[in-house]
$ cat work-v1.cif   # mmCIF, C-alpha atoms
data_structure
#
loop_
_atom_site.label_atom_id
_atom_site.label_comp_id
_atom_site.auth_asym_id
_atom_site.auth_seq_id
_atom_site.Cartn_x
_atom_site.Cartn_y
_atom_site.Cartn_z
CA MET X 85 91.74 247.52 263.34
CA SER X 86 88.02 246.95 264.06
CA VAL X 87 87.38 246.63 267.79
CA PHE X 88 83.65 246.04 267.41
CA PRO X 89 81.70 244.04 264.82
CA LYS X 90 80.00 245.97 262.02
CA ILE X 91 76.73 247.72 262.78
CA SER X 92 73.84 245.32 263.23
CA LEU X 93 71.00 246.07 260.81
CA ARG X 94 67.88 244.29 259.69
CA LEU X 95 68.75 242.36 256.54
CA GLU X 96 66.22 244.35 254.50
CA VAL X 97 67.86 247.60 255.60
CA GLU X 98 71.40 246.37 254.93
CA ASN X 99 70.35 245.20 251.45
CA TYR X 100 68.70 248.58 250.81
CA LEU X 101 71.87 250.46 251.78
CA LYS X 102 74.01 248.07 249.75
CA ALA X 103 71.87 248.64 246.65
CA GLY X 104 72.47 252.37 247.01
CA PHE X 105 76.22 252.09 247.51
CA MET X 106 76.54 249.52 244.71
CA ASN X 107 74.25 251.17 242.19
CA GLU X 108 75.01 250.86 238.48
CA GLU X 109 76.86 254.20 238.23
CA VAL X 110 79.11 253.44 241.23
CA VAL X 111 79.95 249.91 240.08
CA SER X 112 80.71 251.18 236.57
CA ALA X 113 83.10 253.80 237.99
CA LEU X 114 84.78 251.77 240.76
CA GLY X 115 84.24 248.14 239.87
CA LYS X 116 82.09 245.71 241.83
CA GLU X 117 84.87 244.57 244.19
CA GLU X 118 85.89 248.10 245.23
CA ALA X 119 82.28 249.23 245.63
CA GLU X 120 81.57 246.23 247.88
CA ARG X 121 84.74 246.85 249.91
CA LYS X 122 83.74 250.47 250.54
CA PHE X 123 80.27 249.44 251.66
CA GLU X 124 81.63 246.85 254.10
CA THR X 125 84.09 249.44 255.43
CA LEU X 126 81.17 251.81 256.02
CA LEU X 127 79.28 249.21 258.06
CA HIS X 128 82.33 248.69 260.28
CA LYS X 129 83.00 252.42 260.61
CA LEU X 130 79.44 253.12 261.77
CA SER X 131 79.97 250.98 264.89
CA HIS X 132 83.15 252.87 265.85
CA PRO X 133 83.55 256.48 267.02
CA PRO X 134 85.06 259.16 264.80
CA SER X 135 88.80 259.78 265.21
CA PHE X 136 88.25 263.19 266.81
CA THR X 137 85.89 264.83 269.25
CA THR X 138 84.88 268.19 267.79
CA VAL X 139 83.95 271.24 269.83
CA ARG X 140 82.87 274.64 268.57
CA VAL X 141 84.05 277.75 270.36
CA ASN X 142 81.42 280.38 271.12
CA THR X 143 83.33 283.27 269.55
CA HIS X 144 80.58 285.64 270.67
CA LEU X 145 81.95 285.49 274.22
CA ALA X 146 85.64 284.58 273.92
CA SER X 147 88.55 284.16 271.52
CA VAL X 148 89.46 280.71 270.22
CA GLN X 149 92.95 280.88 271.73
CA HIS X 150 91.61 281.78 275.17
CA VAL X 151 89.16 278.88 275.13
CA LYS X 152 91.82 276.53 273.75
CA ASN X 153 94.06 277.36 276.74
CA LEU X 154 91.19 276.80 279.19
CA LEU X 155 90.33 273.50 277.53
CA PHE X 156 93.94 272.29 277.65
CA ASP X 157 94.01 272.89 281.42
CA GLU X 158 90.64 271.12 281.84
CA LEU X 159 91.75 268.03 279.92
CA GLN X 160 94.95 267.77 281.95
CA LYS X 161 92.82 267.71 285.10
CA GLN X 162 90.56 265.00 283.66
CA PHE X 163 93.42 262.72 282.66
CA ASN X 164 95.90 263.35 285.48
CA GLY X 165 98.40 265.30 283.45
CA LEU X 166 98.14 263.31 280.19
CA SER X 167 98.67 265.86 277.44
CA PHE X 168 95.96 265.75 274.78
CA PRO X 169 96.78 267.62 271.57
CA ILE X 170 94.13 270.24 270.75
CA LEU X 171 94.07 271.39 267.13
CA GLN X 172 92.38 274.43 265.64
CA HIS X 173 90.81 273.49 262.31
CA PRO X 174 92.50 275.53 259.53
CA ASP X 175 89.29 275.91 257.48
CA LEU X 176 86.89 276.25 260.42
CA GLN X 177 88.56 278.73 262.72
CA ASP X 178 86.01 278.32 265.52
CA VAL X 179 86.40 274.53 265.66
CA LEU X 180 88.78 272.62 267.94
CA LEU X 181 89.69 268.96 267.43
CA ILE X 182 90.59 266.56 270.25
CA PRO X 183 91.73 263.06 269.26
CA VAL X 184 89.87 259.99 270.46
CA ILE X 185 92.66 257.74 271.73
CA GLY X 186 92.21 254.04 271.09
CA PRO X 187 91.73 251.21 270.82
CA ARG X 188 93.33 250.57 274.18
CA GLY X 189 92.52 246.88 274.36
CA ILE X 190 89.55 245.39 276.16
CA GLY X 191 90.25 244.83 279.83
CA VAL X 192 88.99 242.07 282.06
CA ARG X 193 86.55 244.44 283.73
CA MET X 194 83.78 245.69 281.47
CA THR X 195 84.23 249.16 282.99
CA ASP X 196 87.61 249.60 281.29
CA PRO X 197 87.20 251.96 278.34
CA VAL X 198 88.14 250.79 274.88
CA TYR X 199 88.42 254.37 273.62
CA LEU X 200 89.77 257.29 275.62
CA SER X 201 87.97 260.56 275.02
CA PRO X 202 87.26 263.54 277.27
CA SER X 203 83.96 264.26 278.99
CA PHE X 204 82.39 267.62 278.17
CA ASP X 205 79.64 267.42 280.76
CA ASN X 206 79.43 270.99 282.10
CA VAL X 207 82.94 271.81 280.79
CA LEU X 208 83.18 275.54 279.89
CA PRO X 209 79.44 275.52 279.04
CA SER X 210 79.26 279.16 277.90
CA TYR X 211 82.37 278.83 275.72
CA LEU X 212 82.09 275.39 274.12
CA PHE X 213 79.43 273.51 272.17
CA LEU X 214 79.97 269.81 271.47
CA GLN X 215 79.24 269.41 267.77
CA ASN X 216 80.19 266.94 265.04
CA LEU X 217 82.56 268.35 262.44
CA PRO X 218 80.14 268.32 259.46
CA SER X 219 77.47 270.00 261.62
CA ALA X 220 79.87 272.88 262.17
CA VAL X 221 80.67 273.01 258.45
CA VAL X 222 76.98 273.58 257.61
CA SER X 223 76.72 277.01 259.23
CA HIS X 224 79.92 278.19 257.54
CA VAL X 225 78.52 277.04 254.17
CA LEU X 226 75.31 278.99 254.88
CA ASP X 227 77.57 282.03 255.48
CA PRO X 228 75.10 284.22 257.44
CA GLN X 229 75.83 287.95 257.48
CA PRO X 230 75.11 290.56 260.18
CA GLY X 231 71.68 292.15 259.81
CA GLU X 232 70.12 289.31 257.82
CA LYS X 233 66.95 287.40 258.61
CA ILE X 234 67.72 283.68 258.82
CA LEU X 235 65.42 280.67 259.23
CA ASP X 236 66.52 277.39 260.79
CA LEU X 237 63.54 275.30 259.74
CA CYS X 238 64.22 272.18 261.87
CA ALA X 239 66.40 273.63 264.57
CA ALA X 240 66.53 271.40 267.67
CA PRO X 241 68.65 271.10 269.75
CA GLY X 242 70.05 274.43 268.54
CA GLY X 243 73.71 273.75 267.76
CA LYS X 244 73.47 275.13 264.23
CA THR X 245 71.05 277.88 265.33
CA THR X 246 73.50 279.24 267.90
CA HIS X 247 76.40 278.84 265.47
CA ILE X 248 74.53 280.92 262.87
CA ALA X 249 73.87 283.65 265.45
CA ALA X 250 77.54 283.69 266.51
CA LEU X 251 78.75 283.94 262.89
CA MET X 252 76.41 286.94 262.46
CA HIS X 253 77.99 288.53 265.56
CA ASP X 254 74.51 288.28 267.11
CA GLN X 255 73.33 291.04 264.75
CA GLY X 256 70.16 290.32 262.80
CA GLU X 257 67.40 287.79 263.41
CA VAL X 258 67.59 284.01 263.59
CA ILE X 259 64.22 282.25 263.64
CA ALA X 260 64.36 278.67 264.93
CA LEU X 261 61.44 276.26 264.50
CA ASP X 262 60.80 272.82 265.91
CA LYS X 263 57.49 271.06 266.48
CA ILE X 264 58.45 269.48 269.83
CA SER X 265 58.06 271.92 272.74
CA ASN X 266 60.77 270.57 275.06
CA LYS X 267 63.27 270.75 272.18
CA VAL X 268 62.32 274.38 271.60
CA GLU X 269 62.99 275.07 275.29
CA LYS X 270 66.42 273.49 274.82
CA ILE X 271 67.14 275.89 271.96
CA LYS X 272 66.18 278.84 274.18
CA GLN X 273 68.34 277.53 277.02
CA ASN X 274 71.34 277.14 274.72
CA ALA X 275 70.89 280.65 273.35
CA LEU X 276 70.73 282.05 276.88
CA LEU X 277 73.76 280.05 278.02
CA LEU X 278 75.82 281.23 275.05
CA GLY X 279 74.75 284.86 275.48
CA LEU X 280 72.97 285.12 272.10
CA ASN X 281 70.04 287.54 271.85
CA SER X 282 69.24 287.40 268.11
CA ILE X 283 67.51 283.99 268.31
CA ARG X 284 63.72 283.61 268.44
CA ALA X 285 62.56 280.03 268.86
CA PHE X 286 59.01 278.81 268.20
CA CYS X 287 57.24 275.50 268.66
CA PHE X 288 55.89 275.12 265.14
CA ASP X 289 55.66 272.49 262.41
CA GLY X 290 58.05 273.47 259.62
CA THR X 291 55.82 271.94 256.95
CA LYS X 292 53.22 274.60 257.84
CA ALA X 293 55.61 277.56 258.07
CA LEU X 294 54.43 279.14 254.81
CA LYS X 295 51.65 281.69 255.39
CA LEU X 296 48.74 281.08 253.04
CA ASP X 297 46.38 283.78 254.39
CA MET X 298 47.88 287.09 253.27
CA LEU X 299 45.40 289.16 255.30
CA LYS X 300 46.14 287.86 258.79
CA ASP X 301 49.13 289.50 260.52
CA THR X 302 51.18 287.09 262.69
CA ASP X 303 53.47 289.85 264.04
CA GLY X 304 56.75 288.17 263.13
CA GLU X 305 55.68 284.73 264.33
CA PRO X 306 55.14 281.66 262.15
CA PRO X 307 53.71 281.09 259.63
CA PHE X 308 55.63 283.51 257.40
CA LEU X 309 54.92 285.26 254.12
CA PRO X 310 56.66 284.01 250.97
CA GLU X 311 60.16 285.39 250.32
CA SER X 312 60.70 286.45 253.96
CA PHE X 313 64.22 285.15 254.59
CA ASP X 314 67.70 285.98 253.31
CA ARG X 315 69.04 282.51 254.11
CA ILE X 316 67.42 279.25 255.19
CA LEU X 317 68.94 276.16 256.75
CA LEU X 318 67.00 272.92 256.27
CA ASP X 319 68.84 270.38 258.42
CA ALA X 320 66.17 267.86 257.59
CA PRO X 321 64.77 265.05 259.73
CA CYS X 322 66.38 261.91 258.35
CA SER X 323 67.08 258.22 258.93
CA GLY X 324 70.27 259.13 260.83
CA MET X 325 72.22 256.32 259.20
CA GLY X 326 75.44 258.33 259.40
CA GLN X 327 75.55 258.65 263.19
CA ARG X 328 78.57 257.14 264.98
CA PRO X 329 79.16 255.11 267.01
CA ASN X 330 76.05 253.01 266.46
CA MET X 331 76.30 249.33 267.31
CA ALA X 332 72.82 248.41 266.13
CA CYS X 333 69.79 249.87 264.37
CA THR X 334 66.48 248.03 264.73
CA TRP X 335 64.57 250.16 262.27
CA THR X 336 62.52 248.51 259.55
CA LEU X 337 62.99 249.37 255.90
CA LYS X 338 59.66 251.20 256.02
CA GLU X 339 61.01 253.47 258.79
CA VAL X 340 64.33 254.11 257.05
CA THR X 341 62.63 255.06 253.79
CA SER X 342 59.87 257.16 255.37
CA TYR X 343 61.78 260.46 255.44
CA GLN X 344 62.03 261.34 251.75
CA PRO X 345 58.44 262.65 251.42
CA LEU X 346 58.75 264.74 254.62
CA GLN X 347 62.05 266.20 253.44
CA ARG X 348 60.43 267.24 250.16
CA LYS X 349 57.53 268.92 251.97
CA LEU X 350 59.97 270.91 254.09
CA PHE X 351 62.14 271.76 251.08
CA THR X 352 59.12 273.07 249.18
CA VAL X 353 58.25 275.37 252.09
CA ALA X 354 61.85 276.55 252.34
CA ALA X 355 62.01 277.35 248.61
CA GLU X 356 58.86 279.49 248.93
CA LEU X 357 60.09 281.33 252.03
CA LEU X 358 63.47 282.23 250.50
CA LYS X 359 64.00 285.69 249.01
CA PRO X 360 65.27 286.01 245.42
CA GLY X 361 69.05 285.95 245.63
CA GLY X 362 68.82 284.09 248.94
CA VAL X 363 70.70 280.96 249.98
CA LEU X 364 69.15 277.61 250.97
CA VAL X 365 71.34 274.93 252.56
CA TYR X 366 70.02 271.38 252.80
CA SER X 367 71.75 268.87 255.08
CA THR X 368 71.24 265.43 256.64
CA CYS X 369 73.17 263.15 258.98
CA THR X 370 72.52 260.07 256.87
CA VAL X 371 74.32 258.22 254.08
CA THR X 372 71.39 257.06 251.92
CA LEU X 373 71.27 258.08 248.28
CA ALA X 374 67.49 258.66 248.50
CA GLU X 375 67.78 261.35 251.19
CA ASN X 376 70.79 263.10 249.71
CA GLU X 377 71.76 263.13 246.03
CA GLU X 378 68.30 262.00 244.88
CA GLN X 379 66.79 264.93 246.79
CA VAL X 380 69.14 267.33 245.02
CA ALA X 381 68.20 265.91 241.61
CA TRP X 382 64.50 266.23 242.53
CA ALA X 383 64.95 269.81 243.77
CA LEU X 384 66.76 270.95 240.62
CA GLU X 385 64.01 269.49 238.44
CA THR X 386 61.13 270.74 240.62
CA PHE X 387 62.43 274.27 241.28
CA PRO X 388 64.10 275.62 238.13
CA HIS X 389 64.76 278.94 239.89
CA LEU X 390 67.14 277.19 242.31
CA GLN X 391 70.75 276.73 241.28
CA LEU X 392 73.27 274.42 242.92
CA GLN X 393 76.22 276.38 244.30
CA HIS X 394 79.87 275.70 245.09
CA GLN X 395 80.45 275.38 248.84
CA ASP X 396 83.02 277.13 250.96
CA PRO X 397 84.63 275.63 252.95
CA GLN X 398 84.82 272.37 251.01
CA VAL X 399 85.81 269.89 253.71
CA GLY X 400 83.93 266.73 252.71
CA GLY X 401 84.13 264.71 249.53
CA GLU X 402 81.97 265.13 246.44
CA GLY X 403 78.53 263.61 246.05
CA MET X 404 77.89 259.95 245.27
CA LEU X 405 77.04 258.62 241.83
CA GLY X 406 73.63 257.10 241.25
CA ALA X 407 71.11 259.95 241.15
CA GLY X 408 71.83 261.09 237.60
CA LEU X 409 73.69 264.25 238.62
CA SER X 410 76.53 265.51 236.43
CA SER X 411 80.18 265.39 237.48
CA GLU X 412 80.14 269.16 237.97
CA GLN X 413 77.01 268.97 240.14
CA LEU X 414 78.54 266.22 242.30
CA LYS X 415 81.58 268.42 242.91
CA ARG X 416 79.29 271.12 244.34
CA LEU X 417 78.00 268.76 247.02
CA GLN X 418 79.68 267.65 250.23
CA ARG X 419 79.32 264.02 251.32
CA PHE X 420 81.11 263.03 254.49
CA ASP X 421 81.68 259.32 254.01
CA PRO X 422 83.76 257.55 256.70
CA CYS X 423 84.34 254.53 254.45
CA VAL X 424 87.17 256.37 252.68
CA VAL X 425 89.35 255.89 255.79
CA LEU X 426 90.83 252.51 256.66
CA SER X 427 90.43 251.51 260.32
CA GLN X 428 93.50 252.36 262.37
CA ASP X 429 94.76 252.58 265.92
CA SER X 430 95.64 255.94 267.43
CA ASP X 431 97.62 257.08 270.42
CA THR X 432 99.09 260.39 271.52
CA GLY X 433 102.52 259.45 270.20
CA SER X 434 101.35 258.58 266.69
CA LEU X 435 99.31 261.78 266.52
CA ARG X 436 102.30 263.90 267.49
CA ASP X 437 104.38 262.18 264.81
CA ALA X 438 101.76 262.72 262.12
CA GLY X 439 102.00 265.91 260.08
CA ILE X 440 99.33 268.56 260.58
CA GLU X 441 97.98 268.04 257.04
CA ASP X 442 97.57 264.28 257.58
CA THR X 443 95.90 264.86 260.95
CA ILE X 444 93.40 267.37 259.55
CA TRP X 445 92.69 265.07 256.61
CA LEU X 446 91.86 262.27 259.06
CA ALA X 447 89.58 264.58 261.08
CA ASN X 448 87.77 265.68 257.90
CA LYS X 449 87.23 262.14 256.63
CA ASP X 450 86.80 259.95 259.73
CA CYS X 451 83.70 261.70 261.08
CA ILE X 452 79.99 260.96 261.02
CA GLY X 453 78.20 260.32 257.75
CA PHE X 454 76.72 263.62 256.58
CA PHE X 455 75.55 265.48 253.48
CA ILE X 456 75.36 269.17 252.48
CA ALA X 457 73.90 270.88 249.39
CA LYS X 458 73.78 274.65 248.80
CA PHE X 459 71.29 276.41 246.51
CA VAL X 460 70.70 280.02 245.51
CA LYS X 461 67.30 281.34 244.40
CA CYS X 462 67.69 283.12 241.09
CA LYS X 463 64.30 284.75 240.60
CA SER X 464 60.93 285.15 242.26
CA THR X 465 58.53 282.24 241.91
#

$ encode --input "work-v1.cif" --output "structure tokens"
Amino acid sequence: MSVFPKISLRLEVENYLKAGFMNEEVVSALGKEEAERKFETLLHKLSHPPSFTTVRVNTHLASVQHVKNLLFDELQKQFNGLSFPILQHPDLQDVLLIPVIGPRGIGVRMTDPVYLSPSFDNVLPSYLFLQNLPSAVVSHVLDPQPGEKILDLCAAPGGKTTHIAALMHDQGEVIALDKISNKVEKIKQNALLLGLNSIRAFCFDGTKALKLDMLKDTDGEPPFLPESFDRILLDAPCSGMGQRPNMACTWTLKEVTSYQPLQRKLFTVAAELLKPGGVLVYSTCTVTLAENEEQVAWALETFPHLQLQHQDPQVGGEGMLGAGLSSEQLKRLQRFDPCVVLSQDSDTGSLRDAGIEDTIWLANKDCIGFFIAKFVKCKST
């Protein structure tokens, strides 16, 4: 059931999105009616919250089970003894899932909540990080190892940066860049709060992170020499058209389509900074074809030394048709597309009755719109 109307977009933006989701390849594979139904479902899903609130446990400081027990007690306090199920994700062991209960019906008073979900304001701040499910998947796909040198090219507010450091057991070096100073301070604060010492954050424009003057020594600060990093995460600035819930977006078509050139500049820098044999992960929190699959097709053509890799864990669906990628290439991508889930009501009783596999499937699918691609660099440029 849809509680809210579909997301409000400028007509030019809605038509642009529709053209992407109903491109010739998609319509040929699904049929026009099914392609249109999926697009309309997406517009309604974007105005509603995901089915689960996702939190990542800071395994650097505590075990998942210990934090799960603390969180259970905290939620019981918040909701006067109402028992919220807390699930540990089977493929993402440091991720906990808490269902968003609703819709509850709209009360007479506007202060009555339609959806019931916990507040995480200052709740176990050193142990928990509020993070959307696909955002937590990204760092696992990057698969950082202790002792490596990692670059998070567009790092603010630091959720993925701190996750990378935790997965490395805080052993190695994680360089985090962002060009906005107060966001860089936020990264540093999060690292301090989570007890992570391997993170170095700099206020620096990622498009200028490649060092062109080989003679000048920057003493480990940006810009960096080519082939300096074992792994690079490019969680690129994007149109954000996958964020939920979002009742309205007033952006013009010019604004929505402005990110592709910037993403390509950043990708080019990342490809140069990556060591041979290194891993580059590209991600966005948008659903547009231009910022996702089309960028992969461009990257594979522009950088022949980069190869598209299978991802582990594979939690999202495969990539979308329309950018000329092969079936095998699409299977190596992860597109989190909430339109695959029909709208439904949820309550604590129905969640307890549902099997664990069905519940995890719902959590994996009914999340924000997101995209992940993983490349490996085969030889020196």

$ closest_residue --input "work-v1.cif" --among "X:Ile440, X:Val424, X:Ile170, X:Arg419" --to "Glu118 (chain X)" --atoms "all atoms listed in the file"
X:Val424

$ resolve_selection --input "work-v1.cif" --expression "the PyMOL selection byres ((chain X and resi 260) around 8)" --output "compact mmCIF listing (two decimals) with C-alpha atoms, in the frame of the given file"
# COMPACT_ATOMS: atom_id res chain seq x y z
CA LEU X 235 65.42 280.67 259.23
CA ASP X 236 66.52 277.39 260.79
CA LEU X 237 63.54 275.30 259.74
CA CYS X 238 64.22 272.18 261.87
CA ALA X 239 66.40 273.63 264.57
CA GLY X 242 70.05 274.43 268.54
CA THR X 245 71.05 277.88 265.33
CA VAL X 258 67.59 284.01 263.59
CA ILE X 259 64.22 282.25 263.64
CA LEU X 261 61.44 276.26 264.50
CA ASP X 262 60.80 272.82 265.91
CA ILE X 283 67.51 283.99 268.31
CA ARG X 284 63.72 283.61 268.44
CA ALA X 285 62.56 280.03 268.86
CA PHE X 286 59.01 278.81 268.20

$ residues_around --input "work-v1.cif" --residues "Ser131 (chain X)" --least-positions-apart "6" --cutoff "10 Å" --atoms "all atoms listed in the file" --output "PyMOL selection string"
chain X and resi 86-92+327-332

$ residues_around --input "work-v1.cif" --residues "Gly361 (chain X)" --least-positions-apart "2" --cutoff "12 Å" --atoms "only C-alpha atoms" --output "list in words"
Glu311, Ser312, Phe313, Asp314, Arg315, Ile316, Ala355, Leu357, Leu358, Lys359, Val363, Leu364, His389, Leu390, Gln391, Phe459, Val460, Lys461, Cys462, Lys463, Ser464 and Thr465 of chain X

$ resolve_selection --input "work-v1.cif" --expression "the PyMOL selection byres ((chain X and resi 264) around 9)" --output "list in words"
Ala240, Asp262, Lys263, Ser265, Asn266, Lys267, Val268, Cys287, Phe288 and Asp289 of chain X

$ resolve_selection --input "work-v1.cif" --expression "the PyMOL selection byres ((chain X and resi 181) around 7)" --output "mmCIF file with C-alpha atoms, keeping the file's coordinate frame"
data_model
loop_
_atom_site.group_PDB
_atom_site.id
_atom_site.type_symbol
_atom_site.label_atom_id
_atom_site.label_comp_id
_atom_site.auth_asym_id
_atom_site.auth_seq_id
_atom_site.Cartn_x
_atom_site.Cartn_y
_atom_site.Cartn_z
ATOM 1 C CA PHE X 136 88.250 263.190 266.810
ATOM 2 C CA THR X 137 85.890 264.830 269.250
ATOM 3 C CA THR X 138 84.880 268.190 267.790
ATOM 4 C CA VAL X 139 83.950 271.240 269.830
ATOM 5 C CA ILE X 170 94.130 270.240 270.750
ATOM 6 C CA LEU X 171 94.070 271.390 267.130
ATOM 7 C CA GLN X 172 92.380 274.430 265.640
ATOM 8 C CA HIS X 173 90.810 273.490 262.310
ATOM 9 C CA VAL X 179 86.400 274.530 265.660
ATOM 10 C CA LEU X 180 88.780 272.620 267.940
ATOM 11 C CA ILE X 182 90.590 266.560 270.250
ATOM 12 C CA PRO X 183 91.730 263.060 269.260
#

$ residues_around --input "work-v1.cif" --residues "Leu350 (chain X)" --least-positions-apart "2" --cutoff "9 Å" --atoms "only C-alpha atoms" --output "number ranges by chain"
X: 237-238, 290-293, 318, 320, 345-348, 352-355

$ closest_residue --input "work-v1.cif" --among "X:His394, X:Arg140, X:Lys349, X:Lys122" --to "Pro209 (chain X)" --atoms "only C-alpha atoms"
X:Arg140

$ closest_residue --input "work-v1.cif" --among "X:Phe455, X:Asn448, X:His132, X:Thr143" --to "Gln379 (chain X)" --atoms "all atoms listed in the file"
X:Phe455

$ atom_distance --input "work-v1.cif" --atom1 "CA of Ser223 (chain X)" --atom2 "CA of Val365 (chain X)"
8.8 Å

$ residues_around --input "work-v1.cif" --residues "Leu277 (chain X)" --least-positions-apart "5" --cutoff "10 Å" --atoms "all atoms listed in the file" --output "ChimeraX atom specification"
/X:209-211,271-272

$ residues_around --input "work-v1.cif" --residues "Met325 (chain X)" --least-positions-apart "3" --cutoff "10 Å" --atoms "all atoms listed in the file" --output "list of chain:residue names"
X:Leu101, X:Leu130, X:Cys322, X:Arg328, X:Asn330, X:Cys333, X:Val340, X:Thr368, X:Cys369, X:Thr370, X:Val371, X:Thr372, X:Ile452, X:Gly453, X:Phe454

$ closest_residue --input "work-v1.cif" --among "X:Pro218, X:Gly231, X:Pro310, X:Gly243" --to "Gly400 (chain X)" --atoms "only C-alpha atoms"
X:Pro218

$ closest_residue --input "work-v1.cif" --among "X:Phe308, X:Phe156, X:Tyr343, X:Trp445" --to "Ala374 (chain X)" --atoms "all atoms listed in the file"
X:Tyr343

$ atom_distance --input "work-v1.cif" --atom1 "CA of Val380 (chain X)" --atom2 "CA of Gly104 (chain X)"
15.5 Å

$ atom_distance --input "work-v1.cif" --atom1 "CA of Thr334 (chain X)" --atom2 "CA of Ser135 (chain X)"
25.2 Å

$ closest_residue --input "work-v1.cif" --among "X:Ala457, X:Glu339, X:Pro397, X:Leu226" --to "Gly362 (chain X)" --atoms "all atoms listed in the file"
X:Leu226

$ build_atoms --input "work-v1.cif" --residues "region 231-247 of chain X" --atoms "N, CA and C atoms" --output "mmCIF file, keeping the file's coordinate frame"
data_model
loop_
_atom_site.group_PDB
_atom_site.id
_atom_site.type_symbol
_atom_site.label_atom_id
_atom_site.label_comp_id
_atom_site.auth_asym_id
_atom_site.auth_seq_id
_atom_site.Cartn_x
_atom_site.Cartn_y
_atom_site.Cartn_z
ATOM 1 N N GLY X 231 72.842 291.397 260.271
ATOM 2 C CA GLY X 231 71.680 292.150 259.810
ATOM 3 C C GLY X 231 70.688 291.356 258.999
ATOM 4 N N GLU X 232 71.026 290.115 258.640
ATOM 5 C CA GLU X 232 70.120 289.310 257.820
ATOM 6 C C GLU X 232 69.048 288.633 258.676
ATOM 7 N N LYS X 233 68.004 288.188 257.980
ATOM 8 C CA LYS X 233 66.950 287.400 258.610
ATOM 9 C C LYS X 233 67.106 285.955 258.156
ATOM 10 N N ILE X 234 67.386 285.078 259.113
ATOM 11 C CA ILE X 234 67.720 283.680 258.820
ATOM 12 C C ILE X 234 66.663 282.772 259.427
ATOM 13 N N LEU X 235 66.339 281.685 258.712
ATOM 14 C CA LEU X 235 65.420 280.670 259.230
ATOM 15 C C LEU X 235 66.141 279.339 259.364
ATOM 16 N N ASP X 236 66.089 278.766 260.564
ATOM 17 C CA ASP X 236 66.520 277.390 260.790
ATOM 18 C C ASP X 236 65.241 276.580 260.938
ATOM 19 N N LEU X 237 64.889 275.865 259.875
ATOM 20 C CA LEU X 237 63.540 275.300 259.740
ATOM 21 C C LEU X 237 63.291 274.108 260.670
ATOM 22 N N CYS X 238 64.330 273.329 260.952
ATOM 23 C CA CYS X 238 64.220 272.180 261.870
ATOM 24 C C CYS X 238 65.392 272.276 262.834
ATOM 25 N N ALA X 239 65.239 273.074 263.871
ATOM 26 C CA ALA X 239 66.400 273.630 264.570
ATOM 27 C C ALA X 239 66.922 272.842 265.768
ATOM 28 N N ALA X 240 66.094 272.037 266.431
ATOM 29 C CA ALA X 240 66.530 271.400 267.670
ATOM 30 C C ALA X 240 67.752 270.499 267.442
ATOM 31 N N PRO X 241 68.679 270.455 268.429
ATOM 32 C CA PRO X 241 68.650 271.100 269.750
ATOM 33 C C PRO X 241 69.251 272.520 269.771
ATOM 34 N N GLY X 242 69.607 273.049 268.601
ATOM 35 C CA GLY X 242 70.050 274.430 268.540
ATOM 36 C C GLY X 242 71.532 274.645 268.287
ATOM 37 N N GLY X 243 72.274 273.586 268.019
ATOM 38 C CA GLY X 243 73.710 273.750 267.760
ATOM 39 C C GLY X 243 73.978 274.617 266.544
ATOM 40 N N LYS X 244 73.273 274.343 265.452
ATOM 41 C CA LYS X 244 73.470 275.130 264.230
ATOM 42 C C LYS X 244 72.830 276.513 264.386
ATOM 43 N N THR X 245 71.711 276.589 265.097
ATOM 44 C CA THR X 245 71.050 277.880 265.330
ATOM 45 C C THR X 245 71.999 278.840 266.050
ATOM 46 N N THR X 246 72.599 278.376 267.136
ATOM 47 C CA THR X 246 73.500 279.240 267.900
ATOM 48 C C THR X 246 74.774 279.548 267.129
ATOM 49 N N HIS X 247 75.214 278.594 266.303
ATOM 50 C CA HIS X 247 76.400 278.840 265.470
ATOM 51 C C HIS X 247 76.108 279.951 264.449
#
